$ cat entry.cif   # mmCIF, C-alpha atoms
data_query
#
loop_
_atom_site.label_atom_id
_atom_site.label_comp_id
_atom_site.auth_asym_id
_atom_site.auth_seq_id
_atom_site.Cartn_x
_atom_site.Cartn_y
_atom_site.Cartn_z
CA MET A 12 131.84 125.69 118.83
CA GLY A 13 134.26 127.59 116.62
CA ASP A 14 136.04 129.03 119.64
CA ARG A 15 136.41 125.57 121.14
CA SER A 16 137.81 123.97 117.98
CA GLN A 17 140.46 126.69 117.58
CA LEU A 18 141.75 125.93 121.08
CA CYS A 19 142.42 122.27 120.29
CA SER A 20 145.91 121.14 119.33
CA VAL A 21 145.29 117.35 119.35
CA TRP A 22 142.54 115.61 117.35
CA LEU A 23 141.40 112.03 117.71
CA GLY A 24 138.90 109.69 116.02
CA SER A 25 136.93 107.13 118.02
CA GLU A 26 135.10 103.87 117.32
CA THR A 27 131.78 105.54 118.16
CA GLY A 28 132.15 108.03 115.30
CA ILE A 29 133.00 111.03 117.49
CA LEU A 30 135.69 113.51 116.50
CA LYS A 31 137.45 114.59 119.70
CA GLY A 32 139.58 117.68 120.21
CA VAL A 33 141.88 118.28 123.17
CA SER A 34 143.27 121.60 124.37
CA LEU A 35 146.30 120.85 126.53
CA SER A 36 146.80 124.51 127.44
CA ARG A 37 143.24 124.83 128.84
CA LYS A 38 143.11 121.25 130.15
CA GLN A 39 139.85 120.62 128.31
CA ALA A 40 138.50 118.10 125.82
CA PHE A 41 135.53 118.48 123.47
CA ASN A 42 133.31 116.28 121.29
CA PHE A 43 132.43 117.45 117.79
CA CYS A 44 129.59 115.39 116.37
CA ASN A 45 125.86 115.16 115.88
CA THR A 46 124.90 113.00 118.84
CA SER A 47 121.43 112.29 117.44
CA HIS A 48 122.87 110.34 114.47
CA LEU A 49 125.73 108.42 116.07
CA SER A 50 126.31 104.86 114.85
CA ARG A 51 129.10 102.35 114.31
CA ASP A 52 128.92 103.09 110.58
CA GLN A 53 130.46 106.49 111.32
CA GLU A 54 133.51 105.06 113.10
CA VAL A 55 136.50 107.31 112.37
CA ARG A 56 139.41 105.39 110.81
CA ALA A 57 141.59 108.13 109.31
CA LEU A 58 142.43 111.80 109.95
CA CYS A 59 144.48 114.32 108.00
CA TRP A 60 144.75 118.07 107.47
CA GLY A 61 142.75 119.44 104.55
CA ASP A 62 145.10 122.34 103.82
CA ALA A 63 148.57 123.65 104.66
CA ALA A 64 147.13 126.27 107.03
CA GLU A 65 145.55 123.50 109.13
CA SER A 66 142.16 125.20 109.07
CA GLU A 67 140.30 122.06 107.93
CA LEU A 68 140.26 118.42 108.95
CA LEU A 69 139.44 115.49 106.68
CA VAL A 70 137.72 112.66 108.56
CA GLY A 71 137.48 109.20 106.97
CA CYS A 72 134.62 107.00 108.26
CA VAL A 73 133.81 103.30 107.99
CA ASP A 74 130.85 103.96 105.67
CA ALA A 75 133.30 105.22 102.98
CA THR A 76 132.46 108.91 103.50
CA VAL A 77 135.01 111.66 103.96
CA LYS A 78 133.79 114.59 106.04
CA THR A 79 135.34 118.06 106.09
CA PHE A 80 135.52 119.73 109.51
CA SER A 81 136.15 123.48 109.68
CA LEU A 82 138.14 124.65 112.70
CA GLU A 83 136.90 128.22 112.24
CA LYS A 84 133.22 127.23 112.31
CA GLY A 85 133.64 124.30 114.65
CA ALA A 86 131.34 122.13 112.53
CA PHE A 87 131.30 119.72 109.61
CA THR A 88 130.84 121.64 106.37
CA GLU A 89 130.94 118.90 103.71
CA SER A 90 130.54 115.16 103.24
CA ARG A 91 131.72 113.20 100.20
CA ARG A 92 131.22 109.56 99.28
CA CYS A 93 134.57 108.00 98.33
CA GLY A 94 134.13 104.39 97.33
CA ASP A 95 132.04 101.47 98.55
CA PRO A 96 131.91 100.26 102.17
CA ALA A 97 132.19 96.69 100.87
CA GLU A 98 135.80 97.45 99.84
CA GLY A 99 136.80 97.74 103.49
CA CYS A 100 137.70 100.56 105.83
CA PHE A 101 140.02 103.40 104.93
CA SER A 102 143.67 102.46 105.45
CA GLY A 103 144.84 105.96 104.53
CA LEU A 104 143.65 109.47 103.73
CA ALA A 105 145.56 112.48 102.39
CA ALA A 106 144.96 115.91 100.84
CA LEU A 107 146.49 116.55 97.43
CA GLY A 108 146.10 120.31 97.19
CA GLY A 109 143.09 122.33 96.16
CA ASP A 110 139.95 120.21 96.43
CA ALA A 111 141.69 116.90 95.61
CA LEU A 112 142.14 114.09 98.09
CA VAL A 113 143.64 110.60 98.10
CA THR A 114 141.98 107.58 99.69
CA CYS A 115 143.04 103.97 100.03
CA ALA A 116 140.79 101.11 101.16
CA GLU A 117 141.76 97.78 102.68
CA SER A 118 140.93 96.09 99.36
CA GLY A 119 143.81 98.02 97.72
CA ALA A 120 141.72 100.59 95.83
CA LEU A 121 143.97 103.67 95.75
CA ARG A 122 142.01 106.61 94.32
CA VAL A 123 142.32 110.34 93.67
CA TRP A 124 139.12 112.39 93.95
CA ARG A 125 138.34 115.89 92.71
CA GLN A 126 135.23 118.03 92.85
CA GLU A 127 134.93 118.29 89.08
CA GLY A 128 135.11 114.51 88.82
CA GLY A 129 131.82 114.10 90.64
CA ASP A 130 131.25 110.68 92.18
CA GLU A 131 133.94 109.01 90.06
CA PRO A 132 137.69 109.10 90.85
CA VAL A 133 140.01 110.80 88.39
CA THR A 134 142.76 108.25 89.13
CA GLN A 135 142.47 104.68 90.36
CA VAL A 136 145.26 102.20 91.18
CA ASP A 137 145.19 98.63 92.49
CA ALA A 138 147.70 98.51 95.35
CA GLY A 139 147.10 94.82 96.13
CA LYS A 140 144.95 93.09 98.71
CA ASN A 141 144.91 93.50 102.50
CA VAL A 142 146.37 97.01 102.58
CA CYS A 143 146.95 98.03 106.21
CA ARG A 144 148.31 101.55 105.69
CA MET A 145 148.77 104.29 103.13
CA ARG A 146 151.02 107.25 103.89
CA GLN A 147 151.77 110.42 101.94
CA SER A 148 155.26 111.86 101.56
CA PRO A 149 155.55 115.24 103.33
CA ALA A 150 158.12 116.44 100.75
CA ASN A 151 156.19 115.32 97.64
CA PRO A 152 152.38 115.15 98.03
CA ASN A 153 152.07 113.14 94.79
CA LYS A 154 154.12 110.30 96.29
CA VAL A 155 152.39 107.75 98.56
CA ALA A 156 153.42 104.44 100.07
CA THR A 157 151.23 101.38 100.65
CA GLY A 158 151.70 98.02 102.33
CA GLY A 159 149.80 95.25 104.07
CA LYS A 160 149.61 91.57 104.90
CA GLU A 161 151.52 89.59 102.28
CA ASN A 162 151.59 92.87 100.37
CA GLY A 163 155.05 94.41 100.40
CA LEU A 164 155.96 98.08 100.48
CA LYS A 165 155.12 99.95 97.28
CA ILE A 166 155.78 103.61 96.52
CA TRP A 167 153.46 105.23 93.98
CA ASP A 168 153.81 108.41 91.94
CA LEU A 169 150.22 109.59 91.44
CA GLN A 170 151.24 111.58 88.35
CA ARG A 171 152.44 108.32 86.75
CA PRO A 172 150.30 105.64 88.40
CA GLU A 173 150.69 102.92 85.77
CA GLN A 174 153.15 101.01 87.95
CA PRO A 175 154.80 101.59 91.33
CA ALA A 176 157.93 103.72 91.42
CA PHE A 177 159.39 101.25 93.92
CA SER A 178 158.35 97.75 94.94
CA ALA A 179 160.13 96.10 97.85
CA LYS A 180 161.44 92.59 97.61
CA ASN A 181 160.68 89.99 100.25
CA LEU A 182 163.21 89.10 102.94
CA ARG A 183 165.72 86.35 102.35
CA ASP A 184 164.80 82.83 103.44
CA ASP A 185 165.69 81.82 106.98
CA TRP A 186 168.47 79.39 107.94
CA LEU A 187 166.13 76.47 107.16
CA ASP A 188 165.52 77.85 103.65
CA LEU A 189 161.90 78.56 104.58
CA ARG A 190 160.06 81.56 103.24
CA ARG A 191 159.72 84.42 105.73
CA PRO A 192 156.25 86.02 105.75
CA TYR A 193 155.83 89.79 105.72
CA TRP A 194 153.11 92.04 107.04
CA VAL A 195 153.54 95.80 106.70
CA ARG A 196 151.45 97.57 109.36
CA ASP A 197 152.67 101.17 109.06
CA MET A 198 155.34 103.27 107.38
CA ALA A 199 156.94 106.72 107.43
CA PHE A 200 159.02 108.74 104.95
CA ILE A 201 162.45 109.75 106.28
CA ARG A 202 163.12 113.45 105.80
CA ASP A 203 165.79 114.74 103.38
CA SER A 204 166.12 111.33 101.73
CA ASP A 205 164.25 108.80 99.62
CA LYS A 206 164.24 106.21 102.41
CA VAL A 207 161.09 104.74 103.92
CA VAL A 208 160.89 102.99 107.29
CA THR A 209 158.21 100.36 107.97
CA CYS A 210 157.02 98.31 110.94
CA THR A 211 155.58 94.83 110.57
CA GLY A 212 153.20 92.47 112.29
CA TYR A 213 156.20 90.25 113.04
CA HIS A 214 157.83 92.85 115.40
CA GLN A 215 160.32 94.06 112.77
CA VAL A 216 161.39 97.54 111.66
CA HIS A 217 162.78 97.82 108.12
CA VAL A 218 164.42 100.70 106.28
CA PHE A 219 164.17 100.70 102.47
CA ASP A 220 166.22 102.90 100.15
CA PRO A 221 164.62 103.29 96.68
CA SER A 222 167.67 105.20 95.43
CA SER A 223 169.87 102.12 95.85
CA PRO A 224 169.74 99.06 93.57
CA GLN A 225 168.88 96.88 96.58
CA ARG A 226 165.13 96.26 96.92
CA ARG A 227 165.47 94.45 100.23
CA PRO A 228 165.79 96.36 103.53
CA VAL A 229 169.07 98.16 104.13
CA LEU A 230 168.41 97.96 107.88
CA GLU A 231 166.44 95.41 109.89
CA VAL A 232 165.66 95.71 113.62
CA GLU A 233 163.46 93.57 115.85
CA TYR A 234 161.65 94.82 118.94
CA GLY A 235 159.77 92.69 121.44
CA GLU A 236 157.64 89.67 120.61
CA TYR A 237 154.30 91.24 119.67
CA PRO A 238 153.02 92.75 116.40
CA LEU A 239 153.95 96.39 115.80
CA THR A 240 150.96 98.54 114.87
CA ALA A 241 152.20 102.13 114.49
CA ILE A 242 155.37 104.05 113.70
CA SER A 243 156.36 107.71 113.66
CA LEU A 244 159.57 109.57 112.89
CA THR A 245 161.11 111.78 115.60
CA PRO A 246 161.67 115.52 114.86
CA ASP A 247 165.43 115.08 114.27
CA GLY A 248 164.83 112.17 111.87
CA THR A 249 167.40 109.88 113.50
CA ALA A 250 164.97 107.62 115.34
CA VAL A 251 161.44 106.25 115.22
CA ALA A 252 158.81 105.58 117.86
CA VAL A 253 157.01 102.26 117.46
CA GLY A 254 154.01 100.83 119.34
CA ASN A 255 152.67 97.28 119.53
CA THR A 256 149.52 95.40 120.43
CA GLN A 257 150.51 95.10 124.11
CA GLY A 258 150.78 98.85 124.72
CA HIS A 259 154.58 99.01 124.58
CA ILE A 260 156.24 102.03 122.91
CA ALA A 261 159.97 102.14 122.14
CA LEU A 262 162.40 104.56 120.51
CA LEU A 263 164.65 102.88 117.93
CA ASP A 264 167.82 104.47 116.56
CA LEU A 265 167.88 104.28 112.75
CA ARG A 266 171.65 104.76 112.54
CA LYS A 267 172.75 101.90 114.80
CA GLY A 268 169.58 99.82 114.97
CA LEU A 269 169.48 99.95 118.77
CA VAL A 270 166.69 100.63 121.26
CA ARG A 271 167.16 104.06 122.85
CA GLY A 272 164.51 103.57 125.50
CA CYS A 273 160.91 102.61 126.21
CA VAL A 274 157.80 104.51 127.21
CA LYS A 275 155.66 103.07 129.99
CA GLY A 276 152.14 103.54 131.28
CA LEU A 277 149.89 102.22 128.49
CA ALA A 278 147.27 99.59 129.32
CA GLY A 279 146.04 98.61 125.83
CA GLY A 280 147.15 98.12 122.26
CA VAL A 281 148.50 101.17 120.42
CA ARG A 282 146.44 102.28 117.42
CA GLY A 283 147.64 105.84 116.88
CA LEU A 284 151.15 107.21 117.32
CA GLN A 285 152.65 110.53 116.21
CA CYS A 286 155.74 112.53 117.10
CA HIS A 287 155.40 116.31 117.03
CA ALA A 288 157.01 118.05 114.07
CA SER A 289 159.19 120.40 116.16
CA GLN A 290 158.79 119.57 119.87
CA PRO A 291 160.37 116.52 121.55
CA LEU A 292 156.96 114.96 122.26
CA VAL A 293 155.19 111.79 121.19
CA ALA A 294 151.42 111.28 121.41
CA SER A 295 149.74 107.88 121.54
CA CYS A 296 146.22 106.50 121.79
CA GLY A 297 144.53 103.12 121.59
CA LEU A 298 142.25 100.62 123.22
CA ASP A 299 142.57 101.92 126.79
CA ARG A 300 140.69 105.14 125.83
CA PHE A 301 143.54 107.43 126.94
CA LEU A 302 145.53 110.01 125.03
CA ARG A 303 149.05 110.11 126.43
CA ILE A 304 151.82 112.54 125.60
CA HIS A 305 155.37 111.64 126.60
CA SER A 306 158.63 113.53 126.36
CA LEU A 307 161.17 112.08 123.95
CA GLU A 308 164.05 113.43 126.05
CA ASP A 309 163.40 111.81 129.45
CA ARG A 310 160.41 109.65 128.33
CA LYS A 311 158.28 110.94 131.20
CA LEU A 312 154.51 111.33 130.95
CA GLN A 313 153.50 114.94 130.32
CA HIS A 314 149.74 114.64 129.83
CA LYS A 315 147.13 111.93 130.26
CA VAL A 316 143.65 112.43 128.81
CA TYR A 317 140.70 110.09 129.34
CA LEU A 318 138.29 110.29 126.38
CA LYS A 319 135.67 107.60 127.21
CA SER A 320 135.83 105.82 123.82
CA ARG A 321 138.26 103.45 122.17
CA LEU A 322 140.46 105.53 119.89
CA ASN A 323 141.59 104.66 116.36
CA CYS A 324 143.76 107.55 115.18
CA LEU A 325 145.20 110.89 116.21
CA LEU A 326 146.53 114.04 114.57
CA LEU A 327 148.77 116.73 116.06
CA ALA A 328 148.83 120.38 115.08
CA SER A 329 152.20 121.75 113.94
CA GLN A 330 151.94 124.62 116.44
CA ASP A 331 153.14 124.45 120.03
CA LEU A 332 150.86 121.94 121.77
CA GLN A 333 150.86 123.99 124.99
CA GLU A 334 150.70 127.42 123.41
CA GLY A 335 149.00 130.01 125.58
CA GLY A 336 148.76 127.85 128.64
CA ALA A 337 150.67 125.31 130.62
CA THR A 338 154.44 125.20 130.37
CA ALA A 339 156.37 122.23 129.07
CA GLY A 340 157.62 119.70 131.55
CA GLU A 341 154.83 120.22 134.06
CA ALA A 342 153.65 117.27 136.11
CA GLU A 343 151.17 114.76 134.79
CA SER A 344 147.76 116.33 134.22
CA GLU A 345 144.56 114.44 133.57
CA VAL A 346 141.90 116.09 131.43
CA LYS A 347 138.29 114.88 131.47
CA GLU A 348 135.53 115.72 129.05
CA GLU A 349 132.95 116.46 131.70
CA GLU A 350 133.32 117.28 135.37
CA ASP A 351 131.83 114.69 137.65
CA GLU A 352 129.13 116.45 139.64
CA GLY A 353 128.92 113.54 142.06
CA ASP A 354 132.29 114.38 143.59
CA ASP A 355 130.82 117.37 145.46
CA VAL A 356 128.17 115.15 147.02
CA TRP A 357 130.71 112.63 148.27
CA ASP A 358 133.00 115.36 149.63
CA ALA A 359 130.14 116.93 151.62
CA MET A 360 129.17 113.68 153.35
CA GLU A 361 130.15 113.19 156.98
CA GLN A 362 132.92 110.68 157.51
CA VAL A 363 131.94 107.81 159.80
CA GLU A 364 134.65 105.98 161.67
CA GLU A 365 134.33 102.26 162.24
CA ARG A 366 133.81 101.41 165.90
CA GLN A 367 135.81 98.72 167.62
CA LYS A 368 134.02 95.40 167.69
CA ARG A 369 132.78 94.17 171.07
CA LYS A 370 134.18 90.90 172.28
CA THR A 371 131.67 88.06 172.53
CA THR A 372 131.55 85.44 175.30
CA GLU A 373 133.29 82.91 173.03
CA ASP A 374 136.13 85.35 172.32
CA LYS A 375 136.61 85.97 176.07
CA GLU A 376 136.76 82.24 176.81
CA THR A 377 139.26 81.71 173.99
CA THR A 378 141.47 84.49 175.38
CA LYS A 379 141.40 82.94 178.90
CA LYS A 380 142.39 79.52 177.53
CA ARG A 381 145.36 81.06 175.63
CA LYS A 382 146.58 82.81 178.81
CA LYS A 383 146.33 79.57 180.80
CA ALA A 384 148.23 77.69 178.13
CA GLN A 385 150.99 80.32 178.17
CA ASP A 386 151.26 80.12 181.99
#
$ encode --input "entry.cif" --output "structure tokens"
Amino acid sequence: MGDRSQLCSVWLGSETGILKGVSLSRKQAFNFCNTSHLSRDQEVRALCWGDAAESELLVGCVDATVKTFSLEKGAFTESRRCGDPAEGCFSGLAALGGDALVTCAESGALRVWRQEGGDEPVTQVDAGKNVCRMRQSPANPNKVATGGKENGLKIWDLQRPEQPAFSAKNLRDDWLDLRRPYWVRDMAFIRDSDKVVTCTGYHQVHVFDPSSPQRRPVLEVEYGEYPLTAISLTPDGTAVAVGNTQGHIALLDLRKGLVRGCVKGLAGGVRGLQCHASQPLVASCGLDRFLRIHSLEDRKLQHKVYLKSRLNCLLLASQDLQEGGATAGEAESEVKEEEDEGDDVWDAMEQVEERQKRKTTEDKETTKKRKKAQD
């Protein structure tokens, strides 16, 4: 199993509690789980790397446990209880260096856990109710952002968690002086700046700048008519990819606030979306049970992977996704977990052609009447 796990460059978590790894270079997909103990309580809701070398995966489950998966051994090596399942599912998971990790539940319980702390968190913060997402800053691991339904964007410094370092202000009232609701579904930290971009359940994309005195968005863009569920920053940092509940994915320019283009082919709502750190690729997964990888340059489909279960989240390796195998830009390839043995049986069967139907006496009489009528 260790050899298989080291081949995988894309990792996904499913509703059935299975951790799935996909090797695009070998055109193979693998399941990593104990099939004898599968249950809905082990549904995977969050994934993140456990270390900078990307040798370990942290897997957050619905039953409030965080499992450690070793890529070298190809197996789960540790399981830790982080909170109470009654507080809701994990809305975010992140490694803090060493043996520390950060979790955030839907109830707003933002916690830091360490081995020496035992079963109790060393830091606990109330991020507000109905938290939909927690994200960690790639530049500063001690900085995280949270947001949810009627719970605006907040940026926390875990070294000084008494109060948020930044708290966004609600949008201005509309032209009827009515309050505009807000619903943060996902966010991303913009590289080489303090800015944070968010997507909302009201098909909006907002850019906040904590370094400016303005607490409202410095940029506001709308896309489509359906709730946005996921967002990811492109490698150059000038655009974001957003996905919604109808399976639509679009690239939005953060400088002009315009739509660069759309990605087609999805048949269900988007739950996981991530752009590669260095390659012009975007990976997506969701309710249609497919992993799809599109090119950001021409927006064409590069890979399509059927994984048999509804998918909640995905995680890309920082290495070349096609290293040691297929070249970039190849035609669409479909990877299946198991080969269908029944195909050989169907191929070996003799093909039977349908014979022409004999005309009955009634058909002959009808034909004669038509000829007489024509004459």
$ closest_residue --input "entry.cif" --among "A:Glu67, A:Asp220, A:Asp197, A:Asp331" --to "Gly103 of chain A" --atoms "all atoms listed in the file"
A:Asp197
$ resolve_selection --input "entry.cif" --expression "the PyMOL selection byres ((chain A and resi 182) around 10)" --output "ChimeraX atom specification"
/A:179-181,183-185,190-193,226-228,231
$ atom_distance --input "entry.cif" --atom1 "atom CA of Leu49 of chain A" --atom2 "atom CA of Phe87 of chain A"
14.2 Å
$ residues_around --input "entry.cif" --residues "Gly254 of chain A" --least-positions-apart "2" --cutoff "9 Å" --atoms "only C-alpha atoms" --output "list in words"
Pro238, Leu239, Thr240, Ala241, Ile242, Ala252, Thr256, Gln257, Gly258, His259, Ile260, Ala261, Gly280, Val281, Arg282, Gly283, Leu284 and Ser295 of chain A
$ residues_around --input "entry.cif" --residues "Ser102 of chain A" --least-positions-apart "6" --cutoff "8 Å" --atoms "only C-alpha atoms" --output "list of chain:residue names"
A:Arg56, A:Ala57, A:Thr114, A:Cys115, A:Ala116, A:Glu117, A:Val142, A:Cys143, A:Arg144, A:Met145
$ atom_distance --input "entry.cif" --atom1 "atom CA of Gly268 of chain A" --atom2 "atom CA of Leu307 of chain A"
17.4 Å
$ atom_distance --input "entry.cif" --atom1 "atom CA of Ser90 of chain A" --atom2 "atom CA of Gln126 of chain A"
11.8 Å
$ resolve_selection --input "entry.cif" --expression "the PyMOL selection byres ((chain A and resi 23-29) around 10)" --output "number ranges by chain"
A: 21-22, 30-33, 41-46, 48-58, 70-73, 283, 296-298, 300, 302, 318-327
$ closest_residue --input "entry.cif" --among "A:Pro291, A:Gly61, A:Pro96, A:Pro149" --to "Asp74 of chain A" --atoms "all atoms listed in the file"
A:Pro96
$ resolve_selection --input "entry.cif" --expression "the PyMOL selection byres ((chain A and resi 310) around 12)" --output "PDB file with C-alpha atoms, in the frame of the given file"
ATOM      1  CA  ALA A 252     158.810 105.580 117.860  1.00  0.00           C
ATOM      2  CA  ILE A 260     156.240 102.030 122.910  1.00  0.00           C
ATOM      3  CA  ALA A 261     159.970 102.140 122.140  1.00  0.00           C
ATOM      4  CA  LEU A 262     162.400 104.560 120.510  1.00  0.00           C
ATOM      5  CA  ARG A 271     167.160 104.060 122.850  1.00  0.00           C
ATOM      6  CA  GLY A 272     164.510 103.570 125.500  1.00  0.00           C
ATOM      7  CA  CYS A 273     160.910 102.610 126.210  1.00  0.00           C
ATOM      8  CA  VAL A 274     157.800 104.510 127.210  1.00  0.00           C
ATOM      9  CA  LYS A 275     155.660 103.070 129.990  1.00  0.00           C
ATOM     10  CA  GLY A 276     152.140 103.540 131.280  1.00  0.00           C
ATOM     11  CA  PRO A 291     160.370 116.520 121.550  1.00  0.00           C
ATOM     12  CA  LEU A 292     156.960 114.960 122.260  1.00  0.00           C
ATOM     13  CA  VAL A 293     155.190 111.790 121.190  1.00  0.00           C
ATOM     14  CA  ALA A 294     151.420 111.280 121.410  1.00  0.00           C
ATOM     15  CA  ARG A 303     149.050 110.110 126.430  1.00  0.00           C
ATOM     16  CA  ILE A 304     151.820 112.540 125.600  1.00  0.00           C
ATOM     17  CA  HIS A 305     155.370 111.640 126.600  1.00  0.00           C
ATOM     18  CA  SER A 306     158.630 113.530 126.360  1.00  0.00           C
ATOM     19  CA  LEU A 307     161.170 112.080 123.950  1.00  0.00           C
ATOM     20  CA  GLU A 308     164.050 113.430 126.050  1.00  0.00           C
ATOM     21  CA  ASP A 309     163.400 111.810 129.450  1.00  0.00           C
ATOM     22  CA  LYS A 311     158.280 110.940 131.200  1.00  0.00           C
ATOM     23  CA  LEU A 312     154.510 111.330 130.950  1.00  0.00           C
ATOM     24  CA  GLN A 313     153.500 114.940 130.320  1.00  0.00           C
ATOM     25  CA  HIS A 314     149.740 114.640 129.830  1.00  0.00           C
ATOM     26  CA  GLY A 340     157.620 119.700 131.550  1.00  0.00           C
TER      27      GLY A 340
END
$ closest_residue --input "entry.cif" --among "A:Leu69, A:Ala176, A:Gln135, A:Gln290" --to "Gln330 of chain A" --atoms "only C-alpha atoms"
A:Gln290
$ closest_atom_pairs --input "entry.cif" --of "segment 97-168 of chain A" --to "segment 203-217 of chain A" --cutoff "10 Å" --atoms "only C-alpha atoms" --output "JSON lines"
{"residue": "A:Ser148", "atom": "CA", "partner": "A:Val207", "partner_atom": "CA", "distance": 9.5}
{"residue": "A:Ala150", "atom": "CA", "partner": "A:Asp203", "partner_atom": "CA", "distance": 8.3}
{"residue": "A:Ala156", "atom": "CA", "partner": "A:Val207", "partner_atom": "CA", "distance": 8.6}
{"residue": "A:Gly158", "atom": "CA", "partner": "A:Thr209", "partner_atom": "CA", "distance": 8.9}
{"residue": "A:Gly159", "atom": "CA", "partner": "A:Thr211", "partner_atom": "CA", "distance": 8.7}
{"residue": "A:Lys160", "atom": "CA", "partner": "A:Gly212", "partner_atom": "CA", "distance": 8.3}
{"residue": "A:Leu164", "atom": "CA", "partner": "A:Thr209", "partner_atom": "CA", "distance": 8.1}
{"residue": "A:Ile166", "atom": "CA", "partner": "A:Val207", "partner_atom": "CA", "distance": 9.2}
$ write_last_selection --input "entry.cif" --atoms "C-alpha atoms" --output "compact mmCIF listing (two decimals), in the coordinates of the input"
# COMPACT_ATOMS: atom_id res chain seq x y z
CA SER A 148 155.26 111.86 101.56
CA ALA A 150 158.12 116.44 100.75
CA ALA A 156 153.42 104.44 100.07
CA GLY A 158 151.70 98.02 102.33
CA GLY A 159 149.80 95.25 104.07
CA LYS A 160 149.61 91.57 104.90
CA LEU A 164 155.96 98.08 100.48
CA ILE A 166 155.78 103.61 96.52
$ residues_around --input "entry.cif" --residues "Lys267 of chain A" --least-positions-apart "5" --cutoff "12 Å" --atoms "only C-alpha atoms" --output "mmCIF file with C-alpha atoms, in the coordinates of the input"
data_model
loop_
_atom_site.group_PDB
_atom_site.id
_atom_site.type_symbol
_atom_site.label_atom_id
_atom_site.label_comp_id
_atom_site.auth_asym_id
_atom_site.auth_seq_id
_atom_site.Cartn_x
_atom_site.Cartn_y
_atom_site.Cartn_z
ATOM 1 C CA VAL A 218 164.420 100.700 106.280
ATOM 2 C CA VAL A 229 169.070 98.160 104.130
ATOM 3 C CA LEU A 230 168.410 97.960 107.880
ATOM 4 C CA GLU A 231 166.440 95.410 109.890
ATOM 5 C CA VAL A 232 165.660 95.710 113.620
ATOM 6 C CA THR A 249 167.400 109.880 113.500
ATOM 7 C CA ALA A 250 164.970 107.620 115.340
#
$ closest_residue --input "entry.cif" --among "A:Leu263, A:Leu187, A:Arg37, A:Gln17" --to "Gly235 of chain A" --atoms "all atoms listed in the file"
A:Leu263
$ closest_residue --input "entry.cif" --among "A:Gly108, A:Gly279, A:Lys140, A:Ser222" --to "Phe177 of chain A" --atoms "all atoms listed in the file"
A:Ser222
